[in-house]
file start-v9.cif (mmCIF, C-alpha atoms and all ligand atoms)
data_target
loop_
_atom_site.label_atom_id
_atom_site.label_comp_id
_atom_site.auth_asym_id
_atom_site.auth_seq_id
_atom_site.Cartn_x
_atom_site.Cartn_y
_atom_site.Cartn_z
CA MET G 231 -19.33 -16.12 27.91
CA THR G 232 -18.32 -17.86 24.72
CA ASP G 233 -15.90 -20.67 23.84
CA THR G 234 -14.47 -18.93 20.76
CA PRO G 235 -11.05 -17.35 21.33
CA GLY G 236 -11.21 -13.76 22.49
CA VAL G 237 -10.22 -10.71 20.49
CA PRO G 238 -6.61 -9.93 21.39
CA PHE G 239 -5.57 -6.38 22.21
CA ASN G 240 -2.58 -6.90 19.94
CA ASP G 241 -0.87 -9.87 18.29
CA LEU G 242 2.61 -9.21 16.95
CA LEU G 243 2.92 -12.75 15.60
CA ARG G 244 0.55 -11.93 12.74
CA GLY G 245 2.72 -9.15 11.34
CA MET G 246 5.90 -11.15 11.86
CA THR G 247 4.35 -14.11 10.03
CA ARG G 248 3.29 -11.86 7.13
CA ASP G 249 6.81 -10.41 6.86
CA ARG G 250 8.71 -13.62 7.69
CA THR G 251 10.26 -14.25 4.28
CA ALA G 252 11.31 -10.63 3.76
CA ALA G 253 12.71 -10.44 7.31
CA LEU G 254 14.76 -13.60 6.84
CA GLU G 255 16.14 -12.28 3.54
CA ALA G 256 17.00 -8.98 5.23
CA THR G 257 18.72 -10.85 8.06
CA ALA G 258 20.84 -12.74 5.53
CA ALA G 259 21.72 -9.48 3.77
CA VAL G 260 22.88 -7.94 7.07
CA ILE G 261 24.93 -11.00 8.01
CA ASP G 262 26.50 -11.12 4.56
CA SER G 263 27.38 -7.42 4.77
CA GLY G 264 29.55 -7.91 7.84
CA TYR G 265 28.12 -4.71 9.38
CA ALA G 266 26.22 -4.69 12.69
CA VAL G 267 25.76 -0.96 13.34
CA LEU G 268 25.91 2.21 11.25
CA GLY G 269 26.19 0.31 7.97
CA SER G 270 24.38 0.55 4.66
CA GLN G 271 20.96 -0.59 5.97
CA HIS G 272 21.01 2.16 8.58
CA ALA G 273 22.11 4.81 6.08
CA ALA G 274 19.42 3.72 3.62
CA PHE G 275 16.73 3.72 6.32
CA GLU G 276 17.65 7.22 7.48
CA LYS G 277 17.28 8.44 3.89
CA GLU G 278 14.04 6.55 3.21
CA LEU G 279 12.45 7.76 6.44
CA ALA G 280 13.38 11.38 5.71
CA THR G 281 11.99 11.07 2.17
CA TYR G 282 8.74 9.56 3.42
CA LEU G 283 8.31 12.43 5.88
CA GLY G 284 9.32 15.15 3.42
CA ALA G 285 12.16 16.01 5.81
CA ALA G 286 15.74 16.92 4.97
CA ASP G 287 17.25 14.31 7.30
CA ALA G 288 16.58 11.63 9.92
CA VAL G 289 18.92 10.28 12.59
CA GLY G 290 18.55 6.67 13.76
CA VAL G 291 18.80 5.97 17.49
CA ALA G 292 18.17 3.00 19.77
CA SER G 293 14.65 3.79 21.07
CA GLY G 294 11.92 6.40 21.24
CA THR G 295 12.94 7.35 24.77
CA ASP G 296 16.53 7.87 23.63
CA ALA G 297 15.22 9.91 20.69
CA LEU G 298 13.44 12.23 23.15
CA GLU G 299 16.45 12.49 25.46
CA LEU G 300 18.86 13.30 22.64
CA ALA G 301 16.43 15.69 20.97
CA ILE G 302 15.85 17.61 24.20
CA LYS G 303 19.60 17.81 24.80
CA ALA G 304 20.22 18.94 21.23
CA VAL G 305 17.71 21.81 21.25
CA MET G 306 17.65 23.07 24.87
CA PRO G 307 18.60 26.78 24.73
CA GLU G 308 21.68 27.83 26.69
CA GLY G 309 20.85 28.72 30.30
CA LYS G 310 17.44 26.97 30.34
CA ALA G 311 16.56 23.69 32.03
CA VAL G 312 12.77 23.25 32.11
CA VAL G 313 10.76 21.09 29.71
CA LEU G 314 7.02 21.73 29.46
CA THR G 315 4.92 18.75 28.41
CA ALA G 316 1.68 16.84 29.00
CA ALA G 317 1.32 14.45 31.94
CA ASN G 318 -1.04 11.95 30.29
CA ALA G 319 1.37 10.58 27.69
CA GLY G 320 3.04 7.68 29.45
CA ALA G 321 5.92 9.51 31.16
CA TYR G 322 8.37 8.92 28.31
CA THR G 323 9.13 12.65 28.11
CA SER G 324 9.50 12.84 31.89
CA THR G 325 11.96 9.95 31.75
CA ALA G 326 13.92 11.51 28.90
CA THR G 327 13.91 14.96 30.53
CA THR G 328 15.26 13.75 33.86
CA ARG G 329 17.85 11.56 32.11
CA ALA G 330 18.96 14.65 30.21
CA GLY G 331 19.41 16.40 33.56
CA PHE G 332 16.47 18.80 33.12
CA THR G 333 13.19 19.40 34.96
CA PRO G 334 9.78 18.38 33.61
CA ARG G 335 6.78 20.64 34.08
CA TYR G 336 3.22 19.92 33.06
CA ALA G 337 0.57 21.86 31.14
CA ASP G 338 -3.03 20.67 31.03
CA VAL G 339 -4.35 19.02 27.86
CA ASP G 340 -7.20 20.00 25.58
CA PRO G 341 -10.31 18.09 26.79
CA ARG G 342 -11.24 16.91 23.27
CA SER G 343 -7.95 15.84 21.69
CA LEU G 344 -6.24 15.07 25.04
CA CYS G 345 -3.12 16.73 23.58
CA LEU G 346 -1.40 20.04 24.29
CA THR G 347 -2.60 22.99 22.20
CA ALA G 348 -1.27 26.53 21.77
CA GLU G 349 -3.92 27.59 24.29
CA THR G 350 -2.99 25.08 27.01
CA ILE G 351 0.72 25.75 26.45
CA ARG G 352 0.24 29.53 26.63
CA ALA G 353 -1.55 29.20 29.97
CA ALA G 354 1.49 27.40 31.43
CA LEU G 355 4.35 29.45 29.96
CA THR G 356 7.03 30.86 32.25
CA ASP G 357 10.41 32.40 31.47
CA ASP G 358 12.44 29.39 32.60
CA ILE G 359 10.94 26.98 30.02
CA GLY G 360 13.48 26.09 27.33
CA VAL G 361 11.72 23.26 25.50
CA VAL G 362 8.09 22.29 24.89
CA VAL G 363 7.50 18.63 24.03
CA VAL G 364 4.18 18.04 22.28
CA THR G 365 3.19 14.37 22.17
CA HIS G 366 0.94 13.54 19.23
CA LEU G 367 -0.96 11.25 21.54
CA TYR G 368 -2.86 8.30 20.05
CA GLY G 369 -1.67 9.45 16.60
CA PHE G 370 -3.33 12.87 16.47
CA LEU G 371 -1.37 15.71 14.89
CA GLY G 372 -2.86 18.99 16.12
CA GLU G 373 -2.38 22.58 14.95
CA LEU G 374 1.40 22.43 15.12
CA ALA G 375 2.08 25.49 12.99
CA GLU G 376 0.30 27.55 15.65
CA ILE G 377 2.31 25.92 18.45
CA ARG G 378 5.58 26.47 16.56
CA ALA G 379 4.74 30.17 16.11
CA LEU G 380 4.05 30.51 19.84
CA CYS G 381 7.35 28.82 20.72
CA ASP G 382 9.27 30.98 18.23
CA GLU G 383 7.78 34.15 19.77
CA ARG G 384 9.14 33.09 23.17
CA GLY G 385 12.51 31.66 22.10
CA ILE G 386 11.42 28.17 23.14
CA ALA G 387 12.48 25.05 21.23
CA LEU G 388 9.71 22.69 20.12
CA VAL G 389 10.10 18.91 20.15
CA GLU G 390 7.37 16.73 18.65
CA ASP G 391 7.00 13.27 20.13
CA CYS G 392 5.74 11.36 17.08
CA ALA G 393 6.14 7.88 18.60
CA GLN G 394 2.42 7.27 18.02
CA ALA G 395 1.97 9.42 14.95
CA ILE G 396 4.14 8.29 12.05
CA GLY G 397 2.40 9.25 8.82
CA ALA G 398 0.03 11.82 10.34
CA SER G 399 0.10 15.00 8.28
CA ARG G 400 -1.36 18.47 7.86
CA PRO G 401 -1.28 20.47 4.62
CA GLU G 402 1.92 22.15 5.95
CA GLY G 403 3.75 18.85 6.46
CA PHE G 404 4.13 15.56 8.29
CA ALA G 405 4.35 15.10 12.05
CA SER G 406 8.02 15.68 13.00
CA THR G 407 8.63 18.50 10.50
CA PHE G 408 7.08 21.32 12.56
CA GLY G 409 9.44 21.27 15.53
CA HIS G 410 13.14 21.88 16.10
CA ALA G 411 13.17 18.10 16.36
CA GLY G 412 10.63 15.30 15.90
CA THR G 413 11.12 11.93 17.58
CA PHE G 414 9.96 8.42 16.68
CA SER G 415 9.81 5.06 18.40
CA PHE G 416 9.89 1.82 16.44
CA TYR G 417 8.90 -0.32 19.41
CA PRO G 418 7.20 -3.41 17.92
CA THR G 419 3.62 -2.28 18.64
CA LYS G 420 4.08 1.11 16.97
CA ASN G 421 2.52 1.89 13.56
CA LEU G 422 6.02 1.32 12.15
CA GLY G 423 7.38 -1.41 14.40
CA ALA G 424 10.77 -3.12 14.43
CA ILE G 425 11.45 -6.64 15.79
CA GLY G 426 13.13 -5.09 18.77
CA ASP G 427 13.78 -1.54 19.92
CA GLY G 428 14.53 1.41 17.68
CA GLY G 429 13.95 5.11 17.26
CA ALA G 430 14.80 8.14 15.17
CA VAL G 431 14.95 11.92 15.35
CA VAL G 432 14.04 14.26 12.51
CA PRO G 433 16.24 17.31 13.03
CA GLY G 434 14.98 20.81 12.29
CA SER G 435 18.35 22.01 10.94
CA PRO G 436 21.74 20.63 9.85
CA GLU G 437 23.26 21.93 13.11
CA ILE G 438 20.76 19.99 15.20
CA ALA G 439 21.39 16.92 13.01
CA GLU G 440 25.11 17.21 13.65
CA ARG G 441 24.58 17.48 17.42
CA LEU G 442 22.28 14.45 17.39
CA ARG G 443 24.81 12.36 15.45
CA GLN G 444 27.47 13.29 17.99
CA LEU G 445 25.20 12.70 21.00
CA ARG G 446 24.17 9.20 19.82
CA GLN G 447 27.81 8.16 19.61
CA TYR G 448 29.50 9.17 22.89
CA GLY G 449 29.49 12.89 22.01
CA TRP G 450 32.32 12.21 19.54
CA GLN G 451 33.26 14.84 17.00
CA GLY G 452 35.62 12.25 15.58
CA LYS G 453 36.71 8.81 16.71
CA TYR G 454 37.66 8.67 20.42
CA ASN G 455 37.34 12.44 20.79
CA ALA G 456 34.24 13.50 22.73
CA ALA G 457 33.23 17.10 22.08
CA LEU G 458 29.70 17.21 23.46
CA VAL G 459 28.75 16.75 27.10
CA GLY G 460 25.86 14.30 27.51
CA GLY G 461 26.82 11.91 24.73
CA THR G 462 25.76 8.29 24.99
CA ASN G 463 25.63 5.08 22.99
CA SER G 464 22.29 5.02 21.18
CA ARG G 465 22.40 3.50 17.71
CA LEU G 466 19.77 1.81 15.58
CA ASP G 467 21.31 -1.52 14.59
CA GLU G 468 21.54 -2.86 11.06
CA LEU G 469 18.99 -5.65 11.57
CA GLN G 470 16.33 -3.27 12.90
CA ALA G 471 17.05 -0.80 10.12
CA ALA G 472 16.67 -3.59 7.54
CA PHE G 473 13.36 -4.74 9.07
CA LEU G 474 12.07 -1.16 9.20
CA ARG G 475 12.89 -0.70 5.50
CA ILE G 476 10.54 -3.60 4.74
CA ARG G 477 7.67 -2.03 6.67
CA LEU G 478 8.06 1.67 5.93
CA PRO G 479 6.25 1.35 2.56
CA MET G 480 3.35 -0.38 4.38
CA VAL G 481 2.74 2.40 6.93
CA ASP G 482 0.09 4.35 4.98
CA GLY G 483 -1.92 1.17 4.40
CA PHE G 484 -1.58 0.18 8.08
CA ASN G 485 -2.76 3.64 9.16
CA GLN G 486 -5.79 3.49 6.87
CA ARG G 487 -6.75 0.06 8.19
CA ARG G 488 -6.42 1.41 11.77
CA ARG G 489 -8.64 4.40 10.95
CA ASP G 490 -11.25 2.15 9.32
CA ILE G 491 -11.40 -0.06 12.42
CA ILE G 492 -11.83 2.96 14.70
CA ALA G 493 -14.62 4.25 12.43
CA ARG G 494 -16.46 0.94 12.97
CA TYR G 495 -16.10 1.27 16.76
CA SER G 496 -17.28 4.91 16.64
CA GLU G 497 -20.34 3.96 14.64
CA ALA G 498 -21.16 1.19 17.09
CA ALA G 499 -20.86 3.55 20.06
CA ALA G 500 -22.89 6.33 18.42
CA ASP G 501 -26.18 5.04 19.84
CA LEU G 502 -24.86 4.69 23.40
CA ASP G 503 -25.07 7.23 26.19
CA PRO G 504 -21.72 9.01 25.72
CA THR G 505 -20.99 8.81 29.44
CA LEU G 506 -21.11 5.00 29.08
CA LEU G 507 -18.82 4.92 26.04
CA ALA G 508 -17.65 7.53 23.54
CA VAL G 509 -14.97 6.66 20.98
CA LEU G 510 -12.46 9.40 20.16
CA PRO G 511 -12.56 10.14 16.41
CA ALA G 512 -9.50 9.28 14.32
CA ASP G 513 -10.42 10.58 10.89
CA GLY G 514 -8.34 11.72 7.98
CA SER G 515 -4.67 12.21 7.32
CA SER G 516 -3.99 14.24 10.49
CA HIS G 517 -4.57 11.07 12.55
CA ALA G 518 -2.30 8.02 12.43
CA ALA G 519 -4.78 6.07 14.61
CA HIS G 520 -2.20 4.40 16.81
CA LEU G 521 -4.70 3.52 19.52
CA ALA G 522 -8.49 3.18 19.56
CA ILE G 523 -9.38 5.31 22.55
CA ALA G 524 -12.77 5.48 24.22
CA ARG G 525 -13.93 7.38 27.29
CA SER G 526 -16.29 6.21 29.96
CA THR G 527 -17.32 7.47 33.37
CA ARG G 528 -17.76 3.77 34.27
CA ARG G 529 -14.46 2.50 32.92
CA ASP G 530 -13.98 -0.52 35.18
CA ASP G 531 -17.51 -1.75 34.60
CA VAL G 532 -17.23 -1.23 30.83
CA ARG G 533 -13.90 -3.06 30.71
CA ALA G 534 -15.43 -5.94 32.68
CA GLN G 535 -18.39 -6.14 30.28
CA LEU G 536 -16.05 -6.14 27.27
CA ALA G 537 -13.84 -8.79 28.88
CA ALA G 538 -16.91 -10.95 29.48
CA ALA G 539 -17.65 -10.63 25.75
CA GLY G 540 -14.10 -11.80 24.97
CA VAL G 541 -12.70 -8.35 24.10
CA SER G 542 -9.33 -7.37 25.58
CA THR G 543 -8.77 -3.74 26.55
CA ASP G 544 -6.00 -1.69 28.12
CA VAL G 545 -5.49 1.84 29.44
CA HIS G 546 -3.06 4.33 27.83
CA PHE G 547 -2.19 5.76 30.27
CA PRO G 548 -3.79 5.44 33.69
CA ILE G 549 -1.53 7.53 35.94
CA PRO G 550 -0.45 11.13 35.26
CA ASP G 551 3.34 11.41 35.25
CA TYR G 552 3.40 13.58 38.37
CA ALA G 553 1.31 11.00 40.27
CA GLN G 554 3.95 8.32 39.62
CA PRO G 555 6.50 8.05 42.46
CA ALA G 556 9.51 8.75 40.22
CA PHE G 557 8.11 12.12 39.13
CA ALA G 558 6.07 13.13 42.18
CA ARG G 559 8.57 15.86 43.01
CA PHE G 560 7.55 17.63 39.80
CA ALA G 561 3.82 17.64 40.64
CA PRO G 562 2.08 20.93 39.84
CA ASP G 563 0.72 23.04 42.71
CA GLU G 564 -2.73 23.03 41.16
CA VAL G 565 -4.78 20.16 39.79
CA LEU G 566 -4.76 19.78 35.99
CA PRO G 567 -8.47 18.99 35.59
CA ASP G 568 -8.54 17.71 32.01
CA THR G 569 -5.46 15.55 32.51
CA THR G 570 -6.91 14.09 35.71
CA GLU G 571 -10.28 13.37 34.13
CA ALA G 572 -8.79 11.83 30.98
CA CYS G 573 -6.55 9.46 32.93
CA ALA G 574 -9.57 8.31 34.96
CA GLN G 575 -11.87 7.73 31.97
CA ILE G 576 -9.89 6.46 28.98
CA LEU G 577 -9.67 2.89 27.78
CA SER G 578 -8.10 1.39 24.66
CA LEU G 579 -9.93 -1.06 22.40
CA PRO G 580 -8.23 -3.74 20.26
CA LEU G 581 -6.41 -2.13 17.32
CA PHE G 582 -3.70 -3.40 15.03
CA PRO G 583 -3.66 -3.63 11.24
CA GLU G 584 -3.81 -7.43 11.20
CA LEU G 585 -7.01 -7.51 13.29
CA ARG G 586 -9.46 -9.59 11.22
CA ASP G 587 -12.88 -8.34 10.11
CA ASP G 588 -14.64 -11.04 12.16
CA GLU G 589 -12.76 -9.83 15.23
CA VAL G 590 -13.72 -6.21 14.53
CA ASP G 591 -17.35 -7.42 14.20
CA ARG G 592 -17.05 -9.01 17.61
CA VAL G 593 -15.80 -5.82 19.22
CA VAL G 594 -18.63 -3.92 17.51
CA GLU G 595 -21.18 -6.40 18.91
CA ALA G 596 -19.66 -6.08 22.39
CA ILE G 597 -19.84 -2.28 22.20
CA ARG G 598 -23.47 -2.42 21.09
CA GLY G 599 -24.25 -4.75 24.01
CA LEU G 600 -22.88 -2.43 26.71
CA ARG G 601 -25.42 -1.52 29.37
C1 LIG G 701 4.22 8.69 23.08
C2 LIG G 701 5.44 7.84 23.28
N1 LIG G 701 6.63 8.45 23.43
C3 LIG G 701 7.75 7.73 23.60
C4 LIG G 701 7.73 6.36 23.65
C5 LIG G 701 9.00 5.64 23.96
O1 LIG G 701 9.44 4.81 22.95
P1 LIG G 701 10.39 3.55 23.27
O2 LIG G 701 9.55 2.51 23.93
O3 LIG G 701 10.87 3.15 21.93
O4 LIG G 701 11.48 4.03 24.16
C6 LIG G 701 6.50 5.68 23.47
C7 LIG G 701 6.35 4.22 23.45
O5 LIG G 701 6.87 3.37 24.01
C8 LIG G 701 5.33 6.45 23.29
O6 LIG G 701 4.13 5.87 23.15
#

call {"tool": "encode", "arguments": {"input": "start-v9.cif", "output": "structure tokens"}}
result
Amino acid sequence: MTDTPGVPFNDLLRGMTRDRTAALEATAAVIDSGYAVLGSQHAAFEKELATYLGAADAVGVASGTDALELAIKAVMPEGKAVVLTAANAGAYTSTATTRAGFTPRYADVDPRSLCLTAETIRAALTDDIGVVVVTHLYGFLGELAEIRALCDERGIALVEDCAQAIGASRPEGFASTFGHAGTFSFYPTKNLGAIGDGGAVVPGSPEIAERLRQLRQYGWQGKYNAALVGGTNSRLDELQAAFLRIRLPMVDGFNQRRRDIIARYSEAAADLDPTLLAVLPADGSSHAAHLAIARSTRRDDVRAQLAAAGVSTDVHFPIPDYAQPAFARFAPDEVLPDTTEACAQILSLPLFPELRDDEVDRVVEAIRGLR
């Protein structure tokens, strides 16, 4: 044990302190504008986000979960009601799917990336599936062009959950531009974080954009005239939009810093028995490095050793969706072996762009000291 303060898992105060002056100026600009929702900050943020992503459009909403719910509603083909997804991604898609009135179903994940792939999706396809939601878990953007082609062959709509993957890209485009819709969360700990809740959907066509804009505002086609069933109130407010405009230009730098920190952890773990600790790689532009994920067959023991060395850890996410009481009725008949094993082995190491080098050194030392 040591008397020096431990390494925090996250510390939002550091980013808020860095951006304090700009955030206060943005707050004043919003107050002086007299607009609280759907004003000029929101319109500018939608445009700037779309430009950053190389997308035609972006639709602001109130959270990442709302983004998923509205996206699923906007793209579900007529007569279908099943959403295929992964069960190791925090249950946000399960929540959104059931709120949309549809049924979640689960495909197993790839044992290396811990994400869905065309292969794992193909193995789970049935005729009643209308939407596949691929979560770019931990920030990893997989072979989405291949998944899109598979969905197109079967008349299935593809939604990308990019909550953890803003800025991840492949030569064909950024995360969110492969699907019929791509969703984002701006929850404060995300790679692009607000000072409150927020979200957005990148629509795959002008028609989907139009549906999303109606769905986020009571289903209105015009004021006080609801055209779409399933509308709700889900708007990104002016203050959050203004804060997000400050941080959007910083995202690429944040992502690089996150990747560099993970590279240090990987290097430190390279000499260990991989069953004790193996760090998932997060290299290159296809990875936004949202979380520093390691695997261990002795997770509790490893977490205890790291805690004793002053290093905070967490688990993202420990319980498959179908093993959580709210979604137990959707449990698959057969075990999903790679999902089950991943949930039992993963742990998350400290990772945020403002983590100091001396703190990274301390995590590295703690990793090297694992026995
Ligand atoms: C993968 C993923 N999807 C969706 C969400 C939901 O976003 P929000 O908390 O903004 O509703 C989160 C994070 O919270 C997430 O990590």

call {"tool": "residues_around", "arguments": {"input": "start-v9.cif", "residues": "range 317-329 of chain G", "least_positions_apart": "2", "cutoff": "8 Å", "atoms": "only C-alpha atoms", "output": "list of chain:residue names"}}
result
G:Thr295, G:Asp296, G:Leu298, G:Glu299, G:Ile302, G:Val313, G:Thr315, G:Gly331, G:Phe332, G:Thr333, G:Pro334, G:Tyr336, G:Ala337, G:Asp338, G:Val363, G:Thr365, G:Leu367, G:His546, G:Phe547, G:Pro548, G:Ile549, G:Pro550, G:Asp551, G:Tyr552, G:Phe557, G:Thr569, G:Ala572, G:Cys573

call {"tool": "closest_residue", "arguments": {"input": "start-v9.cif", "among": "G:Pro580, G:Pro504, G:Gly429, G:Gly452", "to": "Val237 in chain G", "atoms": "only C-alpha atoms"}}
result
G:Pro580

call {"tool": "atom_distance", "arguments": {"input": "start-v9.cif", "atom1": "CA of Ala259 in chain G", "atom2": "CA of Ser415 in chain G"}}
result
23.8 Å

call {"tool": "residues_around", "arguments": {"input": "start-v9.cif", "residues": "Leu474 in chain G", "least_positions_apart": "2", "cutoff": "9 Å", "atoms": "all atoms listed in the file", "output": "list in words"}}
result
Phe275, Phe416, Leu422, Gly423, Ala424, Ile425, Leu469, Gln470, Ala471, Ala472, Ile476, Arg477 and Leu478 of chain G

call {"tool": "atom_distance", "arguments": {"input": "start-v9.cif", "atom1": "CA of Ala375 in chain G", "atom2": "CA of Leu442 in chain G"}}
result
23.4 Å

call {"tool": "atom_distance", "arguments": {"input": "start-v9.cif", "atom1": "CA of Lys303 in chain G", "atom2": "CA of Ala330 in chain G"}}
result
6.3 Å

call {"tool": "closest_residue", "arguments": {"input": "start-v9.cif", "among": "G:Pro433, G:Pro418, G:Gly264, G:Gly236", "to": "ligand LIG 701 (chain G)", "atoms": "only C-alpha atoms and all ligand atoms"}}
result
G:Pro418

call {"tool": "closest_residue", "arguments": {"input": "start-v9.cif", "among": "G:Ala292, G:Leu507, G:Val532, G:Ala493", "to": "ligand LIG 701 (chain G)", "atoms": "all atoms listed in the file"}}
result
G:Ala292

call {"tool": "decode", "arguments": {"input": "start-v9.cif", "residues": "range 554-573 of chain G", "atoms": "N, CA, C and O atoms", "output": "mmCIF file, in the first residue's frame"}}
result
data_model
loop_
_atom_site.group_PDB
_atom_site.id
_atom_site.type_symbol
_atom_site.label_atom_id
_atom_site.label_comp_id
_atom_site.auth_asym_id
_atom_site.auth_seq_id
_atom_site.Cartn_x
_atom_site.Cartn_y
_atom_site.Cartn_z
ATOM 1 N N GLN G 554 -29.854 -10.437 -17.140
ATOM 2 C CA GLN G 554 -30.387 -9.384 -16.276
ATOM 3 C C GLN G 554 -31.902 -9.584 -16.182
ATOM 4 O O GLN G 554 -32.549 -9.877 -17.199
ATOM 5 N N PRO G 555 -32.466 -9.427 -14.978
ATOM 6 C CA PRO G 555 -33.890 -9.754 -14.803
ATOM 7 C C PRO G 555 -34.819 -9.098 -15.830
ATOM 8 O O PRO G 555 -35.748 -9.739 -16.321
ATOM 9 N N ALA G 556 -34.547 -7.860 -16.212
ATOM 10 C CA ALA G 556 -35.458 -7.152 -17.122
ATOM 11 C C ALA G 556 -35.509 -7.781 -18.515
ATOM 12 O O ALA G 556 -36.489 -7.585 -19.243
ATOM 13 N N PHE G 557 -34.464 -8.517 -18.870
ATOM 14 C CA PHE G 557 -34.412 -9.073 -20.233
ATOM 15 C C PHE G 557 -34.339 -10.603 -20.243
ATOM 16 O O PHE G 557 -34.125 -11.203 -21.296
ATOM 17 N N ALA G 558 -34.550 -11.195 -19.076
ATOM 18 C CA ALA G 558 -34.407 -12.662 -18.960
ATOM 19 C C ALA G 558 -35.370 -13.393 -19.894
ATOM 20 O O ALA G 558 -35.075 -14.497 -20.350
ATOM 21 N N ARG G 559 -36.515 -12.771 -20.176
ATOM 22 C CA ARG G 559 -37.484 -13.456 -21.045
ATOM 23 C C ARG G 559 -37.003 -13.556 -22.492
ATOM 24 O O ARG G 559 -37.610 -14.264 -23.288
ATOM 25 N N PHE G 560 -35.931 -12.850 -22.807
ATOM 26 C CA PHE G 560 -35.387 -12.917 -24.167
ATOM 27 C C PHE G 560 -34.139 -13.820 -24.240
ATOM 28 O O PHE G 560 -33.428 -13.819 -25.248
ATOM 29 N N ALA G 561 -33.875 -14.562 -23.163
ATOM 30 C CA ALA G 561 -32.655 -15.384 -23.116
ATOM 31 C C ALA G 561 -32.663 -16.420 -24.236
ATOM 32 O O ALA G 561 -33.695 -17.042 -24.504
ATOM 33 N N PRO G 562 -31.510 -16.613 -24.886
ATOM 34 C CA PRO G 562 -31.449 -17.621 -25.958
ATOM 35 C C PRO G 562 -31.562 -19.038 -25.385
ATOM 36 O O PRO G 562 -31.251 -19.261 -24.214
ATOM 37 N N ASP G 563 -32.017 -19.974 -26.223
ATOM 38 C CA ASP G 563 -32.150 -21.362 -25.767
ATOM 39 C C ASP G 563 -30.787 -21.979 -25.501
ATOM 40 O O ASP G 563 -30.632 -22.821 -24.637
ATOM 41 N N GLU G 564 -29.810 -21.556 -26.303
ATOM 42 C CA GLU G 564 -28.477 -22.138 -26.137
ATOM 43 C C GLU G 564 -27.502 -21.092 -25.615
ATOM 44 O O GLU G 564 -27.650 -19.904 -25.890
ATOM 45 N N VAL G 565 -26.515 -21.574 -24.881
ATOM 46 C CA VAL G 565 -25.486 -20.683 -24.329
ATOM 47 C C VAL G 565 -24.738 -19.988 -25.475
ATOM 48 O O VAL G 565 -24.486 -20.605 -26.520
ATOM 49 N N LEU G 566 -24.403 -18.716 -25.278
ATOM 50 C CA LEU G 566 -23.533 -18.007 -26.235
ATOM 51 C C LEU G 566 -22.125 -18.028 -25.614
ATOM 52 O O LEU G 566 -21.818 -17.210 -24.738
ATOM 53 N N PRO G 567 -21.280 -18.968 -26.026
ATOM 54 C CA PRO G 567 -20.042 -19.217 -25.272
ATOM 55 C C PRO G 567 -19.089 -18.030 -25.217
ATOM 56 O O PRO G 567 -18.511 -17.746 -24.162
ATOM 57 N N ASP G 568 -18.939 -17.315 -26.331
ATOM 58 C CA ASP G 568 -17.949 -16.226 -26.316
ATOM 59 C C ASP G 568 -18.458 -15.013 -25.545
ATOM 60 O O ASP G 568 -17.666 -14.287 -24.932
ATOM 61 N N THR G 569 -19.775 -14.808 -25.566
ATOM 62 C CA THR G 569 -20.362 -13.732 -24.760
ATOM 63 C C THR G 569 -20.194 -14.060 -23.280
ATOM 64 O O THR G 569 -19.771 -13.206 -22.476
ATOM 65 N N THR G 570 -20.506 -15.300 -22.924
ATOM 66 C CA THR G 570 -20.431 -15.717 -21.520
ATOM 67 C C THR G 570 -19.005 -15.583 -20.995
ATOM 68 O O THR G 570 -18.775 -15.024 -19.918
ATOM 69 N N GLU G 571 -18.047 -16.064 -21.798
ATOM 70 C CA GLU G 571 -16.659 -16.030 -21.347
ATOM 71 C C GLU G 571 -16.153 -14.595 -21.231
ATOM 72 O O GLU G 571 -15.488 -14.232 -20.260
ATOM 73 N N ALA G 572 -16.503 -13.759 -22.219
ATOM 74 C CA ALA G 572 -16.044 -12.361 -22.174
ATOM 75 C C ALA G 572 -16.574 -11.667 -20.925
ATOM 76 O O ALA G 572 -15.812 -11.005 -20.204
ATOM 77 N N CYS G 573 -17.853 -11.822 -20.648
ATOM 78 C CA CYS G 573 -18.426 -11.127 -19.482
ATOM 79 C C CYS G 573 -17.760 -11.575 -18.180
ATOM 80 O O CYS G 573 -17.665 -10.798 -17.224
#
